[in-house]
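Worksheet for the structure shown next.
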Amino acid sequence: MAGGALSTRLLGDANIGWHIRNGEQMLQTHSITRTDPFSITMGGQTWYAWEWLYDLVIARIHLGFGLNGVVFFTAVIIALTFALSLRLCLRRGADLPVTALLLALSLGASMIHLFARPHVLSWLFTVIWFQVLDSSESLEGRRRLWWLPALMLLWANVHGGFVVGFVLLGMYMLSDAILYYRCREAEEQKRLAARLRELGIVAGLSMLASLINPYGYGLHVHVYRYLSSRWLMNHIDEFLSPNFHGVAQQCFVAILLISIVALAMSRRKPSLAQGLVLLFATHSGLYASRSLPVSSLLLTLIVAPLLMQAVADARSDARLSSRLTLFLSQWHSLNARIGDMEFGFRGHLWPVAAVLFGVLACGQQGRIGSRRWMNAGFDPGRLPVQSAEVIVERGIREPVFCQDSWGGYLIYRLYPQNKVFVDDRHDLYGEEFLKDYLKAIRVAPEWDKFLSEKRVNWALLPAESSLANMLKETSKWGLVYRDKTSVLLERKDKI
């Protein structure tokens with residue numbers, strides 16, 4: 001993945017640019033960023049850099065291994081997430097072919113958000129968190145519950161997705177509370193009460209752990225205000241509902257349909273807690289595109305074992321033909337042998353060797369011997385790579401206005417010589433600023449007012465965008481550079 005075509009894909013989102021530069025700044029100053037350093041419009045304003053720990057790690061990787069290291073680190077986290085999901089599904093009773101199919105669909109659904117960004121760590125943490133909760137009925141599983149506060153301490157300082165951990169905890173507590181009040185057996189009530197107390201203590205400790213961050217409870221307030229802003233949720237692309245004409249979205253639909261079939265066929269129904277998780281995964285996947293990867297993984301972890309159980313149940317169904325029963329029996333036997341081989345396999349040195357090979361290649365600028373195995377870079381077809389080089393070559397030092405999705409790349413390439421007017425840290429800029437920004441980008445009434453008030457003298461825009469075409473037609477602006485991706489324009493009478 002890291003050395004192939006997907007390396008460009010992982011750098012397809014410019015967001016990673018400001019993560020790297022923020023981490024480098026923290027390494028230089030030996031302090032955690034609390035005010036914005038990158039934007040001319042928000043400079044000095046309070047900034048909740050809630051992914052500060054990821055920024056530190058990725059900046060250190062970048063300093064040592066460049067973009068190859070950034071891409072390889074991301075690829076390893078993604079591979080680890082799906083490998084762990086496969087292992088857990090098999091341990092939960094699923095068969096290998098069905099699990100492989102569901103995980104392939106999950107990977108397809110994840111392509112919509114397959115970028116080098118801290119959210120990939122949230123995928124991994126969600127899988128671990130769910131497995132710990134779901135396996136906590138056993139004695140060994142109960143002991144693992146106490147891992148969760150430690151995991152939350154890390155999660156809350158890496159990505160805002162730590163909220164999902166509390167949602168899952170709440171579902172398991174709600175499930176046990178419902179079962180407790182419906183139960184009529186004293187012993188079972190006693191067991192459920194003890195489990196509720198245990199989950200409550202774990203939830204309390206996890207909440208305390210999440211408060212151990214540079215911003216304290218202010219981080220939780222900030223995340224709540226951000227996620228509860230209807231305007232932001234309705235205007236940020238990754239929070240919009242999926243467009244099901246896309247391949248990634250269709251992969252998620254396929255998982256949903258398979259889940260429905262599995263629930264209908266299997267005699268063993270999911271637990272109440274698992275049912276709540278299924279509802280949560282389905283709703284979140286349908287509500288926001290960015291939720292598709294996590295939703296797909298949660299559905300797979302619950303549904304894959306149910307499909308295996310459905311096949312096992314069908315073997316004893318007298319209504320089926322003898323041929324189909326024989327086929328299902330042979331299928332079951334084959335999968336049992338494959339499962340035994342999988343768990344008995346001791347060739348785990350191969351993944352370790354692959355990781356060591358990748359680290360070695362990253363350390364040699366992507367080369368092993370005379371052959372280049374890795375050459376990660378930003379895609380000039382999606383980002384203004386050449387235009388940024390022109391800005392550097394011409395010694396332009398003024399702030400540059402661009403669309404928000406390009407801001408991270410300009411921060412990566414031009415900071416500190418140039419600052420941006422806007423980037424994709426939407427929680428920093430807020431509703432009012434972004435409303436005015438969208439007026440300018442969409443050439444809505446009074447679009448020029450924003451550019452004048454913000455003293456925009458340089459604009460770097462998509463080549464065929466409405467604003468770029470409008471500025472080229474006005475006498476106030478002149479074309480400096482153009483390529484297939486972007487145009488660089490300068491205001492003739494500087495403000």
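Ordered as shown in the structure tokens, chains take letters A, B, and onward, while each chain numbers its residues from 1 and ligands are numbered from 1 in the order shown.
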
Hey, what's within 9 Å of Gly12 of chain A if we count only C-alpha atoms and toss same-chain stuff fewer than 5 positions away? As JSON, numbers by chain, please? {"A": [7, 114, 115, 116, 378, 379, 382, 383]}

Keeping only C-alpha atoms, write the selected residues to a file as a PDB file, in the first residue's frame.
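Saved file again-v6.pdb follows:
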ATOM      1  CA  SER A   7       0.502   6.183  -1.423  1.00  0.00           C
ATOM      2  CA  LEU A 114      -8.548   6.613   3.406  1.00  0.00           C
ATOM      3  CA  PHE A 115      -6.150   9.459   4.154  1.00  0.00           C
ATOM      4  CA  ALA A 116      -3.036  10.027   6.224  1.00  0.00           C
ATOM      5  CA  PHE A 378       1.115  15.100  -2.892  1.00  0.00           C
ATOM      6  CA  ASP A 379      -0.887  14.654  -6.091  1.00  0.00           C
ATOM      7  CA  ARG A 382      -5.613  17.396  -6.832  1.00  0.00           C
ATOM      8  CA  LEU A 383      -3.487  19.977  -5.018  1.00  0.00           C
TER       9      LEU A 383
END

Contacts of Leu154 of chain A at 10 Å (only C-alpha atoms; same-chain gap of 3+ positions) as a list in words: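 Counting only C-alpha atoms, the residues come to Leu53, Tyr54, Phe125, Leu148, Pro149, Ala150, Leu151, Asn157, Val158, His159, Phe162, Ala209, Ser210, Ile212 and Asn213 of chain A.
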
For Ala468 of chain A, which of A:Phe433, A:Phe401, A:Tyr224, A:Phe38 is the closest residue, counting only C-alpha atoms? A:Phe401

Which polymer residues have any atom within 12 Å of an atom of Ile58 of chain A, counting only C-alpha atoms, with same-chain residues fewer than 6 positions away left out, as a PyMOL selection string? chain A and resi 16-24+26-27+51-52+64-74+116-118+158

Tell me, as a PyMOL selection string, which residues lie within 7 Å of Gly44 of chain A, counting only C-alpha atoms; anything in the same chain fewer than 3 positions away does not count. chain A and resi 35-37

Could you name the residues that touch segment 101-107 of chain A at 8 Å or less, counting only C-alpha atoms, but leaving out those on the same chain fewer than 4 positions away, as a PyMOL selection string? chain A and resi 82+85-86+97+111+251-252+254-255+293+296-297+300+304

Keeping only C-alpha atoms, write the selected residues as a PDB file, in the first residue's frame.
ATOM      1  CA  PHE A  82      -8.024  -4.836   9.435  1.00  0.00           C
ATOM      2  CA  SER A  85     -10.514  -7.286  12.874  1.00  0.00           C
ATOM      3  CA  LEU A  86      -9.916 -10.490  10.901  1.00  0.00           C
ATOM      4  CA  PRO A  97     -14.009 -16.610   3.441  1.00  0.00           C
ATOM      5  CA  MET A 111     -11.748   4.326   0.685  1.00  0.00           C
ATOM      6  CA  CYS A 251     -19.765  -1.353  -0.359  1.00  0.00           C
ATOM      7  CA  PHE A 252     -21.412  -0.126   2.831  1.00  0.00           C
ATOM      8  CA  ALA A 254     -23.642  -4.434   0.604  1.00  0.00           C
ATOM      9  CA  ILE A 255     -22.547  -4.875   4.240  1.00  0.00           C
ATOM     10  CA  PRO A 293     -15.182   2.954   7.986  1.00  0.00           C
ATOM     11  CA  SER A 296     -18.449  -1.084   8.491  1.00  0.00           C
ATOM     12  CA  LEU A 297     -15.950  -2.553  10.944  1.00  0.00           C
ATOM     13  CA  THR A 300     -18.466  -6.915  10.376  1.00  0.00           C
ATOM     14  CA  ALA A 304     -19.509 -12.333  10.508  1.00  0.00           C
TER      15      ALA A 304
END

What residues in segment 42-273 of chain A get the DSSP label alpha helix (DSSP H)? Please answer as number ranges by chain. A: 52-91, 96-110, 119-134, 139-144, 148-155, 162-182, 186-210, 217-227, 230-235, 247-265, 272-273

Fewer than 4 positions away in the same chain doesn't count, so skip those; otherwise give me all residues within 10 Å of segment 471-483 of chain A, counting only C-alpha atoms, as a PyMOL selection string. chain A and resi 380-381+384+386-387+390-391+443+448+457-463+466-467+487-494

Using only C-alpha atoms, which of the listed residues (A:Leu139, A:Gly108, A:Ser486, A:Leu414) sits closest to Gln250 of chain A? A:Gly108
